[in-house]
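This report concerns only the one structure given below.
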Amino acid sequence: MSQVEWDMDEEADEKPFNMKHMRRMLQYLVPYRRLMTGVVVIVLINMLLSLSEPIILAYIIDIGISEGNIAAIHILGAALLGIKLVSWLFSFMHTRWINFTGQRILFDLRQQLFNHLQSLSFRFFDGRPAGKIMSRITNDTNAIGELINGGLITMVMETTHLLGIVIILFWMDWQLALLSFIMLPLLYVIVAKLRPKIEGSWSRSRSTMSAINGNLNETIQGIRVIQAFSRQRVNNEKFNGINTRNKQAFMRAITLESTVYPLVEMIGMIGTCIVVWFGAVRVLEGAITLGFIMAFINYLWRFWGPLSALSKVYSQLLSAMASAERIFEVLDTAPEVKNSSRARELPSIRGDVSFEGVSFRYEENKPNVLHDVSFHVKAGQRVALVGPTGAGKSTIVNLLMRFYEATEGAVRIDGIDVKDVTLESLRKQMGIVLQDSFIFAGTIEQNMRYGNEEATEEQLRNAAESVRLDRVVAQLSHGYQTELEERGSKLSVGQRQLLTFGRVLLSDPRILILDEATSSVDTETEQHIQEALQTLLAGRTAFIIAHRLSTIKDADLILVVEDGRIAEQGSHEMLMKHGGIYANLVLTQLSMQESVILQSSHS
Ligand SMILES: Nc1ncnc2c1ncn2[C@@H]1O[C@H](COP(=O)(O)OP(=O)(O)OP(=O)(O)O)[C@@H](O)[C@H]1O
C-alpha cells in the first residue's frame, strides 16, 4: 500500500465527546470572558425579541385587523419595526465580537503550537510526516476555533431558541403542541439511523480528497523521477483509483443527503399540516382566533431551524474533539532535549571534544545504534568520519550537537558535559553544514545573517569573499538583496553550498560539522568549494562526514565507524600501516578511481 493510501484512513475525523478536552478548549476563551459574556447576553436578548415577533403579528391580526383598531396596528407595527432594528444592531455586534474573539483564539492557538513545535526535539519529527504536522497547525486549529467561538454560541443560542419555542407552543395550546410533535419520534429514528451514514460518506470524501492532494504533491515534487522512470501510466492508474473513490464517496454522500433532508422536511410538514387542519376547524368553531393559529404555525416553522443548526454543531463538536486530541498531543509532548535545572552557560570554548563510552538508541526498546563510542579530539583538529552507510556517522554528529541525548556515557566539550550547559550557548558555538544546503525564503543577506543578526556590513562582505560567494553575488542583478525562493531554487547546487558556507562562516563557530556533499558539480565550482572549505575550516575543530579521499587523507584524525562502533581510529598513515578496514576502503576507492580514469582514457 502506498504512503498516500495509508494516509487516507489514519487520522480520525470525529471523536466521542470528551469533557477533559472540552474544558481545556474552553480555557482559550478565558482571556475573552467579558466579551463572550456580552455576546451571550446580547444573543439571549435577541432570541427573546425574535420570539416575540409571532405574538405581535397575532395581536396585529386579532386586535388590529379583526377589531378594526388602527391605533393598535400603528403601535404594534412600530414595535415590530423597532424589534427588527434592535435585532439587526445586536446581530451586527455579536457577529463582530464573535469573529474578533474567534480570530484571537485561533491566533493564540497557532502561536502556541508554532512556538512549541520549534522547541520539540528531533525524535518528535522523526516519526511524523511534515504534511500531518502542518495540518495540525492549520486545519485542526481551525476546527477548534470554529467550535469555541461560533459553535458554542450557536449551541447556547439555538438551545434557548428551541426551548423557548417548545415552551411557548405548549403554553399556547398543549394539545395542539402534542399533535404537532406527533411525527418527532419517527424523525428521530430516521435521522439517528442515516446521519452516521451521511457523515461517514463525507468523511470518506474528505479523506480521499486529502489523498488526492498528497498524490498531487508527490507527483509535482517527484516529476523528474517520474518522467525519468516513465511511470506516468502506472501513476495515472493509481490516481484514477483514488479519484474514483473520491467521486463515489461524494456521490453517495450527496445522494443520501438529498434523500434525507427532503424526507425530514416532509415529515416536519406532516405535523404542520395536521395543526393547520385541526387549527382551522377550531378557528371556525370559535375556540381559537386566526391570529393565534397563525402565530402557532409561525413558531412551528421556526422549530426546524434550531434543530438542524444544533445537529450541525454536534458534528462540529465531534470533529473538534478529534482535532483537540491531535493538538493537545503535540502540546503535551515535552521537548526531550531541554535545559536541565542546573544548566549553565557554556563559556567561550576552545573546541576540545571527547566522547566517553557513548551508547545511543533512537527509540526505546530498539537496539542501540551506537555502542560504547570513545574518542578524543583536540581543539582545532580536523576529524574525518568514514564508514559504510547506516554505520552511525550522522548519529555521532547528532549527539555532539545535542539534537538527541546520549543513552549512556558522556559527550564533553572542553571537559564540560553537554548535558550541563544551555542548548543555546552550546549550539551558538557550533556550526553545521549539511549536504542539502537549506536556504530560507528571503534575500541572500538575510540567509547569510541567519546565525548572526548583528554582523556588520564589513563582516558580511568579508565572509562572502572568503568563501568565494562574492563572485556569485556579483552576477545577480540585486546583489545581496536578491530575493531567493524557499530552498533557493534560483541558485545552482554549488552556489547554494557556497551560501551555506558563508552563513556558517559569519556565525563563526568554534566547532564545525560538515557533511561533505556527494553530488558532483563542475570542476571549477568544485575547486571554488574546496578553496572556500579550507577558509571555513581554518582554526576550527571540524567533524567531516567525508566522502572524498583527499579530505580524509588531510584529516588529523580518522574515525572509522562500523555497526555503531569505532572500529579504527588514527591518522591516514597509521591506519594504512595497520592494514585493516580503512586500508581496504582506501584501496577499493583507489582501484575504482583508476578504472574510471582508464575508462575515460579509452573513450
Ligand atoms: N531518526 C532516526 N530514527 C530511528 N533510527 C534512525 C534514525 N536516524 C538513523 N537511524 C538509524 O541509525 C543507524 C545509523 O544511522 P546514521 O544516519 O547515523 O548512519 P550514517 O553512518 O550517517 O549513514 P549515511 O552514511 O548513509 O548517512 C541506521 O541504522 C539508521 O537506520
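Chains: A, B, ... in order of the C-alpha cells. Residues: from 1 per chain. Ligands: from 1, in order shown.
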What are the nearest atom pairs, with distances in Å to one decimal, for all residues of chain A that come at most 7 Å from ligand 1, using only C-alpha atoms and all ligand atoms, set out by chain and rising residue number as JSON lines?
{"residue": "A:Arg123", "atom": "CA", "partner": "ligand 1", "partner_atom_place_in_ligand_line": "1 (N)", "distance": 6.4}
{"residue": "A:Asp126", "atom": "CA", "partner": "ligand 1", "partner_atom_place_in_ligand_line": "1 (N)", "distance": 5.0}
{"residue": "A:Tyr362", "atom": "CA", "partner": "ligand 1", "partner_atom_place_in_ligand_line": "4 (C)", "distance": 4.8}
{"residue": "A:Glu363", "atom": "CA", "partner": "ligand 1", "partner_atom_place_in_ligand_line": "4 (C)", "distance": 6.4}
{"residue": "A:Val369", "atom": "CA", "partner": "ligand 1", "partner_atom_place_in_ligand_line": "13 (C)", "distance": 5.3}
{"residue": "A:Gly387", "atom": "CA", "partner": "ligand 1", "partner_atom_place_in_ligand_line": "21 (O)", "distance": 6.4}
{"residue": "A:Pro388", "atom": "CA", "partner": "ligand 1", "partner_atom_place_in_ligand_line": "25 (O)", "distance": 6.1}
{"residue": "A:Thr389", "atom": "CA", "partner": "ligand 1", "partner_atom_place_in_ligand_line": "26 (O)", "distance": 3.5}
{"residue": "A:Gly390", "atom": "CA", "partner": "ligand 1", "partner_atom_place_in_ligand_line": "19 (O)", "distance": 3.4}
{"residue": "A:Ala391", "atom": "CA", "partner": "ligand 1", "partner_atom_place_in_ligand_line": "21 (O)", "distance": 3.8}
{"residue": "A:Gly392", "atom": "CA", "partner": "ligand 1", "partner_atom_place_in_ligand_line": "18 (O)", "distance": 3.1}
{"residue": "A:Lys393", "atom": "CA", "partner": "ligand 1", "partner_atom_place_in_ligand_line": "21 (O)", "distance": 3.8}
{"residue": "A:Ser394", "atom": "CA", "partner": "ligand 1", "partner_atom_place_in_ligand_line": "22 (O)", "distance": 3.6}
{"residue": "A:Thr395", "atom": "CA", "partner": "ligand 1", "partner_atom_place_in_ligand_line": "18 (O)", "distance": 3.7}
{"residue": "A:Ile396", "atom": "CA", "partner": "ligand 1", "partner_atom_place_in_ligand_line": "18 (O)", "distance": 6.6}
{"residue": "A:Gly564", "atom": "CA", "partner": "ligand 1", "partner_atom_place_in_ligand_line": "14 (C)", "distance": 6.9}
### Spatial neighbours of Leu109 in chain A, 9 Å, only C-alpha atoms, chain gap at least 3 places, as a PyMOL selection string
chain A and resi 28+104-106+112-114+137+141+145
Take the residues just selected and output them with C-alpha atoms as a PDB file, in the first residue's frame.
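Listed below is the output, result_29.pdb:
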ATOM      1  CA  TYR A  28      -8.746  29.553  25.490  1.00  0.00           C
ATOM      2  CA  ARG A 104      -7.797  35.941  18.612  1.00  0.00           C
ATOM      3  CA  ILE A 105      -8.253  32.383  19.835  1.00  0.00           C
ATOM      4  CA  LEU A 106      -7.007  30.989  16.529  1.00  0.00           C
ATOM      5  CA  GLN A 112       1.342  28.431  20.950  1.00  0.00           C
ATOM      6  CA  LEU A 113       1.615  25.412  18.657  1.00  0.00           C
ATOM      7  CA  PHE A 114       4.248  27.030  16.452  1.00  0.00           C
ATOM      8  CA  ILE A 137      -1.454  23.909  12.769  1.00  0.00           C
ATOM      9  CA  THR A 141      -6.717  24.783  14.972  1.00  0.00           C
ATOM     10  CA  GLY A 145     -11.512  27.815  16.678  1.00  0.00           C
TER      11      GLY A 145
END
### Task
Extract the full set of helix (DSSP H, G or I) residues from range 293-477 of chain A according to DSSP on the backbone, and format it as a PyMOL selection string.
chain A and resi 293-332+393-400+418-420+423-427+444-451+457-466+469-475
Would you write out those residues with C-alpha atoms, as a tab-separated table (two decimals), in the first residue's frame?
chain	number	residue	atom	x	y	z
A	293	ILE	CA	-53.27	29.85	14.81
A	294	MET	CA	-51.01	31.91	12.56
A	295	ALA	CA	-48.62	32.59	15.45
A	296	PHE	CA	-48.72	28.92	16.37
A	297	ILE	CA	-47.79	27.84	12.84
A	298	ASN	CA	-45.09	30.51	12.71
A	299	TYR	CA	-43.47	29.07	15.86
A	300	LEU	CA	-43.76	25.59	14.42
A	301	TRP	CA	-41.88	26.68	11.30
A	302	ARG	CA	-39.18	28.15	13.45
A	303	PHE	CA	-38.76	24.86	15.30
A	304	TRP	CA	-36.80	23.17	12.49
A	305	GLY	CA	-34.13	25.86	12.07
A	306	PRO	CA	-32.53	25.43	15.53
A	307	LEU	CA	-32.85	21.65	15.23
A	308	SER	CA	-30.76	21.47	12.08
A	309	ALA	CA	-28.32	24.11	13.42
A	310	LEU	CA	-27.83	22.01	16.56
A	311	SER	CA	-27.22	18.84	14.57
A	312	LYS	CA	-24.52	20.71	12.60
A	313	VAL	CA	-22.92	21.93	15.83
A	314	TYR	CA	-22.96	18.37	17.08
A	315	SER	CA	-20.87	17.26	14.09
A	316	GLN	CA	-18.64	20.28	14.63
A	317	LEU	CA	-18.22	19.27	18.27
A	318	LEU	CA	-17.17	15.72	17.40
A	319	SER	CA	-14.69	16.84	14.76
A	320	ALA	CA	-13.28	19.43	17.19
A	321	MET	CA	-12.79	16.57	19.67
A	322	ALA	CA	-10.65	14.71	17.12
A	323	SER	CA	-8.70	17.91	16.38
A	324	ALA	CA	-8.30	18.68	20.09
A	325	GLU	CA	-6.86	15.25	20.72
A	326	ARG	CA	-4.25	15.76	18.00
A	327	ILE	CA	-3.37	19.31	19.02
A	328	PHE	CA	-3.12	18.52	22.72
A	329	GLU	CA	-0.95	15.53	21.88
A	330	VAL	CA	1.54	17.94	20.29
A	331	LEU	CA	1.28	20.50	23.09
A	332	ASP	CA	1.72	17.79	25.73
A	393	LYS	CA	28.31	8.73	11.47
A	394	SER	CA	25.40	11.20	11.44
A	395	THR	CA	24.28	9.87	14.81
A	396	ILE	CA	27.65	10.80	16.34
A	397	VAL	CA	27.24	14.31	14.96
A	398	ASN	CA	23.63	14.49	16.22
A	399	LEU	CA	24.82	13.73	19.73
A	400	LEU	CA	27.58	16.31	19.51
A	418	VAL	CA	26.98	18.96	27.08
A	419	LYS	CA	24.04	17.97	29.31
A	420	ASP	CA	25.15	20.53	31.90
A	423	LEU	CA	21.31	24.43	24.48
A	424	GLU	CA	21.55	27.99	23.17
A	425	SER	CA	25.06	28.59	24.49
A	426	LEU	CA	26.18	25.22	23.14
A	427	ARG	CA	24.71	25.49	19.66
A	444	ILE	CA	20.94	36.44	0.21
A	445	GLU	CA	21.88	38.79	3.04
A	446	GLN	CA	19.10	37.52	5.31
A	447	ASN	CA	20.20	33.97	4.64
A	448	MET	CA	23.79	34.83	5.49
A	449	ARG	CA	22.81	36.58	8.69
A	450	TYR	CA	20.75	33.60	9.84
A	451	GLY	CA	23.18	32.68	12.60
A	457	GLU	CA	28.28	45.02	6.76
A	458	GLU	CA	32.04	44.55	6.58
A	459	GLN	CA	31.95	41.17	8.32
A	460	LEU	CA	29.22	40.09	5.92
A	461	ARG	CA	31.22	41.06	2.85
A	462	ASN	CA	34.43	39.55	4.22
A	463	ALA	CA	32.68	36.26	4.91
A	464	ALA	CA	31.21	36.22	1.41
A	465	GLU	CA	34.61	37.00	-0.08
A	466	SER	CA	36.36	34.31	1.96
A	469	LEU	CA	30.39	33.85	-2.60
A	470	ASP	CA	31.12	37.42	-3.70
A	471	ARG	CA	31.55	36.24	-7.30
A	472	VAL	CA	28.15	34.61	-7.24
A	473	VAL	CA	26.55	37.72	-5.73
A	474	ALA	CA	28.21	39.98	-8.30
A	475	GLN	CA	26.38	38.14	-11.08
### Shell around Leu533 in chain A at 9 Å using only C-alpha atoms, local window under 4 positions removed, as a VMD selection string
chain A and resid 467 498 501 528 to 529 537 to 538
Saved selection, atoms kept: C-alpha atoms, as a PDB file, in the first residue's frame:
ATOM      1  CA  VAL A 467      34.067  31.590   0.681  1.00  0.00           C
ATOM      2  CA  LEU A 498      28.794  28.495  -1.007  1.00  0.00           C
ATOM      3  CA  PHE A 501      29.429  28.196   3.891  1.00  0.00           C
ATOM      4  CA  HIS A 528      35.844  27.069  -5.513  1.00  0.00           C
ATOM      5  CA  ILE A 529      34.068  24.917  -2.988  1.00  0.00           C
ATOM      6  CA  LEU A 537      37.762  25.010   8.371  1.00  0.00           C
ATOM      7  CA  ALA A 538      40.830  27.057   9.266  1.00  0.00           C
TER       8      ALA A 538
END
### Summary
Using only C-alpha atoms, the best pick from A:Ile60, A:Leu117, A:Val383, A:Ile267 as closest to Pro185 in chain A would be A:Ile267
### Message
Between A:Pro31, A:Pro54, A:Gly127, A:Gly279, which residue has the minimum interatomic distance to Gly102 in chain A, considering only C-alpha atoms?
### Response
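Between A:Pro31, A:Pro54, A:Gly127, A:Gly279, the residue approaching Gly102 in chain A most closely is A:Pro31.
Of all the residues in range 450-587 of chain A, the ones DSSP labels as strand (DSSP E) from the backbone are Glu483, Leu484, Ile511, Leu512, Ile513, Leu514, Asp515, Thr541, Ala542, Phe543, Ile544, Ile545, Leu557, Ile558, Leu559, Val560, Val561, Glu562, Arg565, Ile566, Ala567, Glu568, Gln569 and Gly570 of chain A.
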### Polymer residues at most 8 Å from Glu53 in chain A, only C-alpha atoms, same-chain spacing of 4 or more positions, as a list in words
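Contacts, in chain order: Leu49, Leu57 and Leu80 of chain A.
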For the residues in that selection, give me C-alpha atoms as a PDB file, in the first residue's frame.
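Full text of selection07.pdb as output:
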ATOM      1  CA  LEU A  49     -37.025  39.698  20.718  1.00  0.00           C
ATOM      2  CA  LEU A  57     -48.233  39.555  14.496  1.00  0.00           C
ATOM      3  CA  LEU A  80     -42.200  45.168  15.109  1.00  0.00           C
TER       4      LEU A  80
END
### Query
What's the 9 Å shell around range 213-227 of chain A, counting only C-alpha atoms, without same-chain residues fewer than 2 positions away, as a list in words?
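So, after excluding close chain neighbours, the residues are Gln3, Val4, Asp7, Gly131, Thr208, Met209, Ser210, Ala211, Phe229, Ser230, Arg231, Gln232, Asn235, Lys238, Phe239 and Ile242 of chain A.
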Go ahead and save the picked residues with N, CA and C atoms, as a short mmCIF file (atom, residue, chain, number, x, y, z; two decimals), in the first residue's frame.
data_model
loop_
_atom_site.label_atom_id
_atom_site.label_comp_id
_atom_site.auth_asym_id
_atom_site.auth_seq_id
_atom_site.Cartn_x
_atom_site.Cartn_y
_atom_site.Cartn_z
N GLN A 3 2.11 5.23 0.50
CA GLN A 3 2.01 6.16 1.63
C GLN A 3 0.68 6.90 1.59
N VAL A 4 0.29 7.31 0.38
CA VAL A 4 -0.92 8.10 0.24
C VAL A 4 -2.13 7.31 0.70
N ASP A 7 -2.36 7.20 4.33
CA ASP A 7 -2.79 8.47 4.89
C ASP A 7 -4.31 8.59 4.95
N GLY A 131 3.56 17.01 6.39
CA GLY A 131 2.20 17.37 5.99
C GLY A 131 1.23 17.24 7.15
N THR A 208 -10.44 10.99 0.99
CA THR A 208 -9.96 10.70 -0.37
C THR A 208 -9.45 11.99 -1.02
N MET A 209 -10.07 13.13 -0.64
CA MET A 209 -9.59 14.41 -1.19
C MET A 209 -8.17 14.69 -0.69
N SER A 210 -7.93 14.38 0.59
CA SER A 210 -6.57 14.66 1.09
C SER A 210 -5.58 13.69 0.45
N ALA A 211 -6.06 12.48 0.11
CA ALA A 211 -5.18 11.55 -0.61
C ALA A 211 -4.87 12.08 -2.01
N PHE A 229 11.65 7.56 -15.01
CA PHE A 229 11.32 6.13 -14.97
C PHE A 229 10.10 5.80 -15.82
N SER A 230 9.59 6.80 -16.55
CA SER A 230 8.38 6.63 -17.38
C SER A 230 7.25 5.97 -16.58
N ARG A 231 6.97 6.55 -15.43
CA ARG A 231 5.95 5.95 -14.56
C ARG A 231 4.57 6.56 -14.79
N GLN A 232 4.43 7.40 -15.81
CA GLN A 232 3.17 8.14 -15.97
C GLN A 232 1.96 7.23 -16.01
N ASN A 235 1.21 5.71 -12.59
CA ASN A 235 0.73 6.77 -11.70
C ASN A 235 -0.68 7.20 -12.06
N LYS A 238 -3.03 4.77 -10.61
CA LYS A 238 -3.12 4.94 -9.15
C LYS A 238 -4.00 6.16 -8.83
N PHE A 239 -3.76 7.24 -9.57
CA PHE A 239 -4.54 8.46 -9.33
C PHE A 239 -6.00 8.23 -9.68
N ILE A 242 -7.81 6.58 -6.77
CA ILE A 242 -8.14 7.50 -5.67
C ILE A 242 -9.23 8.46 -6.09
#
#### Entry: All residues 12 Å or closer to Met36 in chain A, only C-alpha atoms, same chain fewer than 5 positions away omitted, as a count of residues only
24
#### Entry: Surrounding residues of Gly539 in chain A excluding itself and chain neighbours under 2 positions, 9 Å, only C-alpha atoms, as a list in words
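Once the adjacent positions are removed, what remains is Ala379, Gly380, Gln381, Arg510, Thr535, Leu536, Leu537, Thr541 and Ala542 of chain A.
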### Message
Taking only C-alpha atoms into account, name the residue in A:Leu370, A:Ile511, A:Ala249, A:Ile558 that is nearest to Ile432 in chain A.
### Response
A:Ile511
